[in-house]
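The file coords_16.pdb comes next; it holds PDB, N, CA and C atoms.
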ATOM      1  N   MET T  15     -81.289  -1.305 121.598
ATOM      2  CA  MET T  15     -79.930  -0.864 121.520
ATOM      3  C   MET T  15     -79.852   0.259 120.490
ATOM      4  N   GLY T  16     -78.861   1.107 120.609
ATOM      5  CA  GLY T  16     -78.715   2.241 119.710
ATOM      6  C   GLY T  16     -78.172   1.841 118.352
ATOM      7  N   LYS T  17     -78.039   2.822 117.493
ATOM      8  CA  LYS T  17     -77.523   2.594 116.150
ATOM      9  C   LYS T  17     -76.171   3.268 116.013
ATOM     10  N   LEU T  18     -75.290   2.651 115.255
ATOM     11  CA  LEU T  18     -73.996   3.224 114.961
ATOM     12  C   LEU T  18     -74.090   3.898 113.608
ATOM     13  N   LYS T  19     -73.727   5.173 113.552
ATOM     14  CA  LYS T  19     -73.775   5.902 112.292
ATOM     15  C   LYS T  19     -72.357   6.324 111.926
ATOM     16  N   LEU T  20     -71.923   5.933 110.739
ATOM     17  CA  LEU T  20     -70.605   6.303 110.247
ATOM     18  C   LEU T  20     -70.751   7.523 109.349
ATOM     19  N   TYR T  21     -69.888   8.498 109.554
ATOM     20  CA  TYR T  21     -69.942   9.734 108.786
ATOM     21  C   TYR T  21     -68.815   9.776 107.764
ATOM     22  N   ASP T  22     -69.103  10.379 106.628
ATOM     23  CA  ASP T  22     -68.096  10.623 105.601
ATOM     24  C   ASP T  22     -67.131  11.684 106.115
ATOM     25  N   THR T  23     -65.853  11.476 105.940
ATOM     26  CA  THR T  23     -64.865  12.420 106.472
ATOM     27  C   THR T  23     -64.854  13.747 105.727
ATOM     28  N   SER T  24     -65.508  13.805 104.576
ATOM     29  CA  SER T  24     -65.552  15.068 103.833
ATOM     30  C   SER T  24     -66.640  16.009 104.359
ATOM     31  N   ILE T  25     -67.517  15.511 105.227
ATOM     32  CA  ILE T  25     -68.574  16.341 105.811
ATOM     33  C   ILE T  25     -67.948  17.220 106.890
ATOM     34  N   PRO T  26     -68.240  18.517 106.877
ATOM     35  CA  PRO T  26     -67.676  19.395 107.924
ATOM     36  C   PRO T  26     -68.136  18.981 109.317
ATOM     37  N   ARG T  27     -67.244  19.115 110.277
ATOM     38  CA  ARG T  27     -67.518  18.719 111.658
ATOM     39  C   ARG T  27     -68.723  19.464 112.225
ATOM     40  N   GLU T  28     -68.886  20.731 111.879
ATOM     41  CA  GLU T  28     -70.003  21.530 112.390
ATOM     42  C   GLU T  28     -71.351  20.946 111.955
ATOM     43  N   THR T  29     -71.399  20.423 110.742
ATOM     44  CA  THR T  29     -72.631  19.803 110.246
ATOM     45  C   THR T  29     -72.990  18.577 111.073
ATOM     46  N   ILE T  30     -71.998  17.767 111.377
ATOM     47  CA  ILE T  30     -72.222  16.561 112.177
ATOM     48  C   ILE T  30     -72.655  16.942 113.584
ATOM     49  N   VAL T  31     -71.991  17.931 114.175
ATOM     50  CA  VAL T  31     -72.337  18.383 115.524
ATOM     51  C   VAL T  31     -73.768  18.895 115.568
ATOM     52  N   ASN T  32     -74.160  19.683 114.583
ATOM     53  CA  ASN T  32     -75.526  20.219 114.543
ATOM     54  C   ASN T  32     -76.557  19.105 114.392
ATOM     55  N   GLU T  33     -76.255  18.113 113.564
ATOM     56  CA  GLU T  33     -77.175  16.996 113.371
ATOM     57  C   GLU T  33     -77.346  16.196 114.660
ATOM     58  N   ARG T  34     -76.229  15.894 115.315
ATOM     59  CA  ARG T  34     -76.297  15.110 116.554
ATOM     60  C   ARG T  34     -76.988  15.889 117.671
ATOM     61  N   GLU T  35     -76.763  17.202 117.711
ATOM     62  CA  GLU T  35     -77.416  18.028 118.716
ATOM     63  C   GLU T  35     -78.923  18.063 118.510
ATOM     64  N   SER T  36     -79.364  18.165 117.261
ATOM     65  CA  SER T  36     -80.800  18.204 116.994
ATOM     66  C   SER T  36     -81.469  16.884 117.374
ATOM     67  N   VAL T  37     -80.774  15.773 117.131
ATOM     68  CA  VAL T  37     -81.311  14.466 117.522
ATOM     69  C   VAL T  37     -81.414  14.385 119.038
ATOM     70  N   TYR T  38     -80.364  14.819 119.741
ATOM     71  CA  TYR T  38     -80.351  14.777 121.207
ATOM     72  C   TYR T  38     -81.463  15.650 121.793
ATOM     73  N   LEU T  39     -81.610  16.856 121.269
ATOM     74  CA  LEU T  39     -82.612  17.777 121.813
ATOM     75  C   LEU T  39     -84.037  17.346 121.486
ATOM     76  N   SER T  40     -84.210  16.516 120.461
ATOM     77  CA  SER T  40     -85.559  16.053 120.117
ATOM     78  C   SER T  40     -86.029  14.933 121.042
ATOM     79  N   ARG T  41     -85.120  14.373 121.830
ATOM     80  CA  ARG T  41     -85.484  13.292 122.753
ATOM     81  C   ARG T  41     -86.070  13.854 124.041
ATOM     82  N   THR T  42     -86.903  13.039 124.668
ATOM     83  CA  THR T  42     -87.451  13.419 125.968
ATOM     84  C   THR T  42     -86.399  13.145 127.046
ATOM     85  N   ALA T  43     -86.634  13.682 128.227
ATOM     86  CA  ALA T  43     -85.707  13.444 129.342
ATOM     87  C   ALA T  43     -85.604  11.951 129.652
ATOM     88  N   LYS T  44     -86.710  11.251 129.549
ATOM     89  CA  LYS T  44     -86.719   9.811 129.817
ATOM     90  C   LYS T  44     -85.856   9.067 128.790
ATOM     91  N   GLN T  45     -85.967   9.434 127.513
ATOM     92  CA  GLN T  45     -85.166   8.791 126.470
ATOM     93  C   GLN T  45     -83.682   9.082 126.674
ATOM     94  N   ARG T  46     -83.352  10.303 127.073
ATOM     95  CA  ARG T  46     -81.958  10.655 127.335
ATOM     96  C   ARG T  46     -81.402   9.833 128.491
ATOM     97  N   PHE T  47     -82.191   9.700 129.554
ATOM     98  CA  PHE T  47     -81.761   8.947 130.727
ATOM     99  C   PHE T  47     -81.500   7.490 130.370
ATOM    100  N   PHE T  48     -82.445   6.871 129.654
ATOM    101  CA  PHE T  48     -82.270   5.467 129.297
ATOM    102  C   PHE T  48     -81.150   5.285 128.279
ATOM    103  N   GLY T  49     -80.854   6.307 127.484
ATOM    104  CA  GLY T  49     -79.703   6.260 126.591
ATOM    105  C   GLY T  49     -78.401   6.174 127.358
ATOM    106  N   VAL T  50     -78.309   6.929 128.452
ATOM    107  CA  VAL T  50     -77.120   6.874 129.305
ATOM    108  C   VAL T  50     -76.984   5.500 129.941
ATOM    109  N   LEU T  51     -78.095   4.921 130.379
ATOM    110  CA  LEU T  51     -78.047   3.574 130.955
ATOM    111  C   LEU T  51     -77.590   2.544 129.921
ATOM    112  N   GLN T  52     -78.039   2.701 128.678
ATOM    113  CA  GLN T  52     -77.601   1.792 127.616
ATOM    114  C   GLN T  52     -76.099   1.909 127.379
ATOM    115  N   LEU T  53     -75.593   3.137 127.351
ATOM    116  CA  LEU T  53     -74.155   3.326 127.171
ATOM    117  C   LEU T  53     -73.362   2.696 128.307
ATOM    118  N   ASN T  54     -73.877   2.821 129.526
ATOM    119  CA  ASN T  54     -73.216   2.210 130.676
ATOM    120  C   ASN T  54     -73.191   0.694 130.538
ATOM    121  N   GLN T  55     -74.294   0.106 130.132
ATOM    122  CA  GLN T  55     -74.362  -1.346 129.965
ATOM    123  C   GLN T  55     -73.401  -1.815 128.878
ATOM    124  N   ILE T  56     -73.316  -1.072 127.782
ATOM    125  CA  ILE T  56     -72.390  -1.423 126.706
ATOM    126  C   ILE T  56     -70.947  -1.357 127.196
ATOM    127  N   SER T  57     -70.608  -0.318 127.963
ATOM    128  CA  SER T  57     -69.229  -0.176 128.452
ATOM    129  C   SER T  57     -68.862  -1.314 129.399
ATOM    130  N   VAL T  58     -69.798  -1.737 130.242
ATOM    131  CA  VAL T  58     -69.529  -2.859 131.155
ATOM    132  C   VAL T  58     -69.331  -4.137 130.352
ATOM    133  N   THR T  59     -70.165  -4.355 129.351
ATOM    134  CA  THR T  59     -70.053  -5.548 128.524
ATOM    135  C   THR T  59     -68.711  -5.582 127.795
ATOM    136  N   MET T  60     -68.300  -4.437 127.253
ATOM    137  CA  MET T  60     -67.048  -4.384 126.505
ATOM    138  C   MET T  60     -65.822  -4.462 127.414
ATOM    139  N   ASN T  61     -66.000  -4.253 128.710
ATOM    140  CA  ASN T  61     -64.887  -4.312 129.663
ATOM    141  C   ASN T  61     -64.869  -5.646 130.406
ATOM    142  N   GLY T  62     -65.436  -6.662 129.831
ATOM    143  CA  GLY T  62     -65.395  -7.992 130.435
ATOM    144  C   GLY T  62     -66.294  -8.151 131.641
ATOM    145  N   GLY T  63     -67.375  -7.382 131.713
ATOM    146  CA  GLY T  63     -68.318  -7.504 132.816
ATOM    147  C   GLY T  63     -67.971  -6.662 134.029
ATOM    148  N   ARG T  64     -66.903  -5.881 133.940
ATOM    149  CA  ARG T  64     -66.515  -5.016 135.056
ATOM    150  C   ARG T  64     -66.809  -3.559 134.696
ATOM    151  N   PRO T  65     -67.319  -2.787 135.626
ATOM    152  CA  PRO T  65     -67.558  -1.370 135.332
ATOM    153  C   PRO T  65     -66.244  -0.631 135.116
ATOM    154  N   LEU T  66     -66.303   0.447 134.336
ATOM    155  CA  LEU T  66     -65.105   1.235 134.071
ATOM    156  C   LEU T  66     -64.685   2.053 135.281
ATOM    157  N   LYS T  67     -65.657   2.443 136.089
ATOM    158  CA  LYS T  67     -65.373   3.249 137.278
ATOM    159  C   LYS T  67     -66.110   2.647 138.468
ATOM    160  N   PHE T  68     -65.530   2.806 139.662
ATOM    161  CA  PHE T  68     -66.097   2.238 140.870
ATOM    162  C   PHE T  68     -66.350   3.335 141.894
ATOM    163  N   PRO T  69     -67.446   3.246 142.663
ATOM    164  CA  PRO T  69     -67.663   4.218 143.735
ATOM    165  C   PRO T  69     -66.595   4.064 144.813
ATOM    166  N   GLN T  70     -66.204   5.173 145.423
ATOM    167  CA  GLN T  70     -65.168   5.176 146.441
ATOM    168  C   GLN T  70     -65.731   5.204 147.866
ATOM    169  N   GLY T  71     -67.028   5.391 148.025
ATOM    170  CA  GLY T  71     -67.609   5.509 149.348
ATOM    171  C   GLY T  71     -67.368   6.871 149.968
ATOM    172  N   LYS T  72     -67.011   7.849 149.147
ATOM    173  CA  LYS T  72     -66.732   9.207 149.620
ATOM    174  C   LYS T  72     -67.635  10.202 148.906
ATOM    175  N   GLY T  73     -68.880   9.880 148.785
ATOM    176  CA  GLY T  73     -69.799  10.764 148.055
ATOM    177  C   GLY T  73     -69.802  10.405 146.584
ATOM    178  N   ILE T  74     -69.634  11.392 145.728
ATOM    179  CA  ILE T  74     -69.704  11.140 144.300
ATOM    180  C   ILE T  74     -68.331  11.045 143.639
ATOM    181  N   VAL T  75     -67.275  10.879 144.418
ATOM    182  CA  VAL T  75     -65.928  10.728 143.873
ATOM    183  C   VAL T  75     -65.809   9.334 143.290
ATOM    184  N   ILE T  76     -65.332   9.249 142.043
ATOM    185  CA  ILE T  76     -65.145   7.944 141.388
ATOM    186  C   ILE T  76     -63.743   7.873 140.843
ATOM    187  N   ARG T  77     -63.279   6.667 140.579
ATOM    188  CA  ARG T  77     -61.927   6.467 140.045
ATOM    189  C   ARG T  77     -61.948   5.345 139.031
ATOM    190  N   LYS T  78     -60.911   5.309 138.200
ATOM    191  CA  LYS T  78     -60.732   4.211 137.278
ATOM    192  C   LYS T  78     -59.933   3.112 137.982
ATOM    193  N   PRO T  79     -60.134   1.861 137.582
ATOM    194  CA  PRO T  79     -59.351   0.792 138.202
ATOM    195  C   PRO T  79     -57.878   0.915 137.826
ATOM    196  N   ASN T  80     -57.011   0.443 138.693
ATOM    197  CA  ASN T  80     -55.562   0.540 138.479
ATOM    198  C   ASN T  80     -55.016  -0.704 137.812
ATOM    199  N   THR T  81     -55.591  -1.084 136.670
ATOM    200  CA  THR T  81     -55.134  -2.312 135.997
ATOM    201  C   THR T  81     -54.278  -1.997 134.816
TER     202      THR T  81
END
Render the structure in this file as structure tokens.
Amino acid sequence: MGKLKLYDTSIPRETIVNERESVYLSRTAKQRFFGVLQLNQISVTMNGGRPLKFPQGKGIVIRKPNT
């Protein structure tokens, strides 16, 4: 599972963006892909076991549930 990093609010936003970008770019394509899968699993878990978006059967069009 990933790590949660809390930033000091006095740090300029550009510094944080540059740091996160360098971490992202240092990863391989495989690590990036599995990171996305981890985020998806976390979102499903936090939504009570239901995905946030569902396929519509119309290609790649997706929607949010109407709850």
Quiz item: When you draw a straight line from atom C of Gly49 of chain T to atom N of Lys17 of chain T, how long is it in Å?
Solution: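 Atom N of Lys17 of chain T lies 10.4 Å from atom C of Gly49 of chain T.
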Quiz item: When you draw a straight line from atom CA of Val37 of chain T to atom N of Lys19 of chain T, how long is it in Å?
Solution: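 Pair atom CA of Val37 of chain T / atom N of Lys19 of chain T returns 12.6 Å.
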Using all atoms of segment 47-57 of chain T that appear in the file, construct an axis-aligned enclosing box with 5 Å of padding on every side and provide its centre coordinates and edge lengths in Å, rounded to one decimal, as AutoDock Vina command-line options.
--center_x -75.7 --center_y 3.9 --center_z 128.8 --size_x 23.6 --size_y 21.5 --size_z 14.4
Practice problem: Using DSSP on the backbone coordinates, identify all residues within segment 24-66 of chain T classified as helix (DSSP H, G or I); present the result as a count of residues only. | Solution: 32
Exercise. One decimal, Å: what's the distance from atom N of Tyr38 of chain T over to atom N of Val50 of chain T, could you say?
Key: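 Straight-line distance from atom N of Tyr38 of chain T to atom N of Val50 of chain T works out to 11.9 Å.
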